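Q: Before I ask anything, let me first share the structure, which is written out below as structure tokens.
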Amino acid sequence: MEQTRAAARLRTVLGHLGRPSAGAAIAHPTSGAVSPTTSHPPQFQYTLDNDVLSLEQRKFYEENGFLVIKNLVSDADITRFRNQFERICKENVKPQWMTIMRDVALEKSKFIPSEESVTKIQNFHGDEELFRYCTLPEILKYVECFTGPNIMAVHTMLINKPPDSGKKTTRHPLHQDLHYFPFRPGNKIVAAWTAMEKVTRDNGCLSVLPGTHKGNLKPHDYPQWEGGVNIMYYGIQDYDENSPRVHLEMEKGDTVFFHPLLIHGSGLNKTKGYRKVISCHFASADCHYIDVKGTNQEKFEKDLTRIMHKKLGIPEDISLKDLYKFHVQLVKGERTNL
Ligand SMILES: O=C(O)CCC(=O)C(=O)O
């Protein structure tokens, strides 16, 4: 019964995405007929009133916790992000505060400064060229539909998923991004994730469990994977196995916006190429900080501050909240709170 309901739900989501089954390319998920209006205006919890999203798009996000906007970021901008990424990997430029990550399967002795040895860069707010992504008007126009007019860029990443070595370490376990954030409410936080090239199931596109943004923040821990797991790749053990999963195959420039409680992850990169995406999490400047001590997020706080201490010399006893206060950046409106 549960499985039948799940299958029906998956059909509905795939119908919205404009494709007949999981694995096929997404058609235009943001277009389509607007549902007939009813005499009672719908009550929305996850999106704000403005004239950017159609009624259908709002309903889709409310119901599923994500929304794909096709062809949002230009080829010219993506080329600029790629070029800057290459300069960073080759160590031609060394932006401040950035964390460079390498796959757990890469042997230290084989390291040479190149794109092939960097799986992810985090916190690129110190790099003017990459940070342009977080200020693009076409991105912020959509972000405002979730956060309102005062917008902070709170976390940035460029992910360069390498070809899998056979150890399956290129998977990203299912997780909720709110686990990493010491501020609330979650409904005023949104991720923008832009494909820098075609992303498919073969090169490890994003997988999402539609509707899970309506649940709570679940306990996260490192999965017990035989080949090892990358640092900070926490996962959820307790999720409904029968929950429908949607693989977001996207073209270069397509952007998905998603809620920080949406359960998502990404698969193995089975190709020989490096799958690149650029991403920023945004939050309303009206959000408030929370203390994560005594919560399931505390382990992450300890891990992160240990790394920041080792790599950047930041005091080890700094709280997650203070770490964020220090690096979040206003990108639109006023810094009211965060
Ligand atoms: O791009 C990916 O592979 C997944 C990224 C992701 O979910 C994350 O870093 O939170």
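In the structure tokens, chains take the letters A, B, ... in the order shown, each chain's residues start at 1, and ligands count up from 1 in the order shown.
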Determine, using only C-alpha atoms, which residues of region 259-315 of chain A have any atom at most 12 Å from an atom of region 116-121 of chain A, and tabulate each with its shortest atom pair and distance in Å to one decimal place, rows ordered by chain and then rising number, as a tab-separated table.
A:
```
residue	atom	partner	partner_atom	distance
A:Asn269	CA	A:Thr119	CA	11.8
A:Lys272	CA	A:Glu116	CA	11.0
A:Gly273	CA	A:Glu116	CA	9.7
A:Tyr274	CA	A:Glu116	CA	7.9
A:Arg275	CA	A:Thr119	CA	9.4
A:Lys276	CA	A:Thr119	CA	9.2
A:Val277	CA	A:Lys120	CA	9.6
A:Ile278	CA	A:Ile121	CA	9.6
A:Ser279	CA	A:Ile121	CA	10.4
A:Cys280	CA	A:Ile121	CA	11.7
```
Q: Limited to all heavy atoms, could you put the picked residues into a file as an mmCIF file, in the first residue's frame?
A:
```cif
data_model
loop_
_atom_site.group_PDB
_atom_site.id
_atom_site.type_symbol
_atom_site.label_atom_id
_atom_site.label_comp_id
_atom_site.auth_asym_id
_atom_site.auth_seq_id
_atom_site.Cartn_x
_atom_site.Cartn_y
_atom_site.Cartn_z
ATOM 1 N N ASN A 269 30.348 8.726 -9.971
ATOM 2 C CA ASN A 269 30.657 9.216 -11.314
ATOM 3 C C ASN A 269 31.265 8.047 -12.083
ATOM 4 O O ASN A 269 32.415 7.663 -11.849
ATOM 5 C CB ASN A 269 31.632 10.397 -11.240
ATOM 6 C CG ASN A 269 31.965 10.945 -12.618
ATOM 7 O OD1 ASN A 269 31.509 10.420 -13.628
ATOM 8 N ND2 ASN A 269 32.760 12.003 -12.655
ATOM 9 N N LYS A 272 34.540 9.057 -17.375
ATOM 10 C CA LYS A 272 35.960 9.420 -17.222
ATOM 11 C C LYS A 272 36.130 10.923 -17.028
ATOM 12 O O LYS A 272 37.229 11.429 -16.842
ATOM 13 C CB LYS A 272 36.738 8.971 -18.461
ATOM 14 C CG LYS A 272 36.811 7.453 -18.570
ATOM 15 C CD LYS A 272 37.865 7.043 -19.594
ATOM 16 C CE LYS A 272 38.261 5.598 -19.514
ATOM 17 N NZ LYS A 272 37.150 4.661 -19.381
ATOM 18 N N GLY A 273 35.015 11.654 -17.092
ATOM 19 C CA GLY A 273 35.096 13.109 -16.979
ATOM 20 C C GLY A 273 34.880 13.566 -15.535
ATOM 21 O O GLY A 273 34.484 12.793 -14.664
ATOM 22 N N TYR A 274 35.131 14.853 -15.295
ATOM 23 C CA TYR A 274 34.943 15.452 -13.967
ATOM 24 C C TYR A 274 33.635 16.231 -14.004
ATOM 25 O O TYR A 274 33.488 17.122 -14.835
ATOM 26 C CB TYR A 274 36.124 16.375 -13.643
ATOM 27 C CG TYR A 274 37.377 15.590 -13.342
ATOM 28 C CD1 TYR A 274 38.073 14.957 -14.365
ATOM 29 C CD2 TYR A 274 37.839 15.450 -12.045
ATOM 30 C CE1 TYR A 274 39.199 14.194 -14.100
ATOM 31 C CE2 TYR A 274 38.963 14.701 -11.763
ATOM 32 C CZ TYR A 274 39.637 14.074 -12.792
ATOM 33 O OH TYR A 274 40.751 13.317 -12.520
ATOM 34 N N ARG A 275 32.673 15.881 -13.129
ATOM 35 C CA ARG A 275 31.351 16.530 -13.151
ATOM 36 C C ARG A 275 31.378 17.790 -12.292
ATOM 37 O O ARG A 275 31.531 17.730 -11.093
ATOM 38 C CB ARG A 275 30.303 15.540 -12.618
ATOM 39 C CG ARG A 275 28.887 15.991 -12.765
ATOM 40 C CD ARG A 275 28.107 15.812 -11.478
ATOM 41 N NE ARG A 275 28.666 16.615 -10.408
ATOM 42 C CZ ARG A 275 28.169 16.631 -9.165
ATOM 43 N NH1 ARG A 275 27.161 15.865 -8.840
ATOM 44 N NH2 ARG A 275 28.703 17.408 -8.238
ATOM 45 N N LYS A 276 31.199 18.927 -12.959
ATOM 46 C CA LYS A 276 31.334 20.203 -12.220
ATOM 47 C C LYS A 276 29.992 20.880 -11.992
ATOM 48 O O LYS A 276 29.176 20.978 -12.916
ATOM 49 C CB LYS A 276 32.210 21.167 -13.006
ATOM 50 C CG LYS A 276 33.667 20.783 -13.005
ATOM 51 C CD LYS A 276 34.502 21.827 -13.734
ATOM 52 C CE LYS A 276 35.952 21.412 -13.801
ATOM 53 N NZ LYS A 276 36.217 20.052 -14.229
ATOM 54 N N VAL A 277 29.804 21.357 -10.768
ATOM 55 C CA VAL A 277 28.639 22.186 -10.456
ATOM 56 C C VAL A 277 29.099 23.315 -9.539
ATOM 57 O O VAL A 277 30.092 23.179 -8.824
ATOM 58 C CB VAL A 277 27.500 21.396 -9.752
ATOM 59 C CG1 VAL A 277 27.069 20.203 -10.561
ATOM 60 C CG2 VAL A 277 27.885 20.978 -8.344
ATOM 61 N N ILE A 278 28.359 24.411 -9.580
ATOM 62 C CA ILE A 278 28.656 25.510 -8.654
ATOM 63 C C ILE A 278 27.401 25.761 -7.832
ATOM 64 O O ILE A 278 26.280 25.633 -8.346
ATOM 65 C CB ILE A 278 29.150 26.764 -9.414
ATOM 66 C CG1 ILE A 278 29.624 27.840 -8.434
ATOM 67 C CG2 ILE A 278 28.130 27.307 -10.391
ATOM 68 C CD1 ILE A 278 30.496 28.931 -9.078
ATOM 69 N N SER A 279 27.593 26.064 -6.558
ATOM 70 C CA SER A 279 26.434 26.114 -5.679
ATOM 71 C C SER A 279 26.624 27.142 -4.563
ATOM 72 O O SER A 279 27.741 27.389 -4.111
ATOM 73 C CB SER A 279 26.259 24.700 -5.088
ATOM 74 O OG SER A 279 25.361 24.707 -4.032
ATOM 75 N N CYS A 280 25.507 27.737 -4.170
ATOM 76 C CA CYS A 280 25.538 28.637 -3.017
ATOM 77 C C CYS A 280 24.272 28.418 -2.195
ATOM 78 O O CYS A 280 23.189 28.225 -2.764
ATOM 79 C CB CYS A 280 25.601 30.097 -3.489
ATOM 80 S SG CYS A 280 25.610 31.286 -2.125
#
```
Q: So that I can check the surroundings of region 306-314 of chain A, please list as a list in words every protein, DNA and RNA residue that reaches within 12 Å of it, counting only C-alpha atoms and ignoring chain neighbours fewer than 5 positions away.
A: Gln96, Trp97, Met98, Thr99, Ile100, Met101, Gln122, Asn123, Ile231, Met232, Lys299, Phe300, Glu301, Ser319, Leu320, Asp322, Leu323, Tyr324 and Phe326 of chain A
Q: If we count only C-alpha atoms and set the cut-off at 12 Å, which residues sit around Cys287 (chain A), ignoring sequence neighbours fewer than 2 positions away in its own chain? Please answer as a list of chain:residue names.
A: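 In the requested format, the answer is A:Thr147, A:Gly148, A:Asn150, A:Ile151, A:Met152, A:Val154, A:Phe181, A:Pro182, A:Phe183, A:Arg184, A:Pro185, A:Gly186, A:Asn187, A:Lys188, A:Ile189, A:Phe282, A:Ala283, A:Ser284, A:Ala285, A:Tyr289, A:Ile290, A:Lys325, A:Arg335, A:Thr336, A:Asn337, A:Leu338.
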Q: Name all residues at most 10 Å from Ser74 (chain A) (count only C-alpha atoms; drop same-chain ones fewer than 5 positions away) and give them as a list in words.
A: Thr79, Glu138, Met196, Lys252, Gly253 and Asp254 of chain A
Q: Report as a Markdown table the residues of region 131-150 of chain A within 10 Å of region 48-62 of chain A, each with its shortest atom pair and distance in Å (one decimal), using only C-alpha atoms, ordered by chain and increasing residue number.
A:
```
| residue | atom | partner | partner_atom | distance |
| --- | --- | --- | --- | --- |
| A:Lys141 | CA | A:Val52 | CA | 7.4 |
| A:Tyr142 | CA | A:Val52 | CA | 7.1 |
| A:Glu144 | CA | A:Leu48 | CA | 8.1 |
| A:Cys145 | CA | A:Leu48 | CA | 5.2 |
| A:Phe146 | CA | A:Leu48 | CA | 5.9 |
| A:Thr147 | CA | A:Leu48 | CA | 7.8 |
| A:Gly148 | CA | A:Leu48 | CA | 7.0 |
```
Q: Ligand 1: which residues are within 10 Å, counting only C-alpha atoms and all ligand atoms, as a PyMOL selection string?
A: chain A and resi 119-120+122+156-161+170-180+191+193-195+199+203-208+232-234+260+263-269+275-281
Q: Which of these, A:Val331, A:Asp221, A:Met250, A:Thr295, has the shortest distance to Leu140 (chain A) once you count only C-alpha atoms?
A: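 Between A:Val331, A:Asp221, A:Met250, A:Thr295, the residue approaching Leu140 (chain A) most closely is A:Val331.
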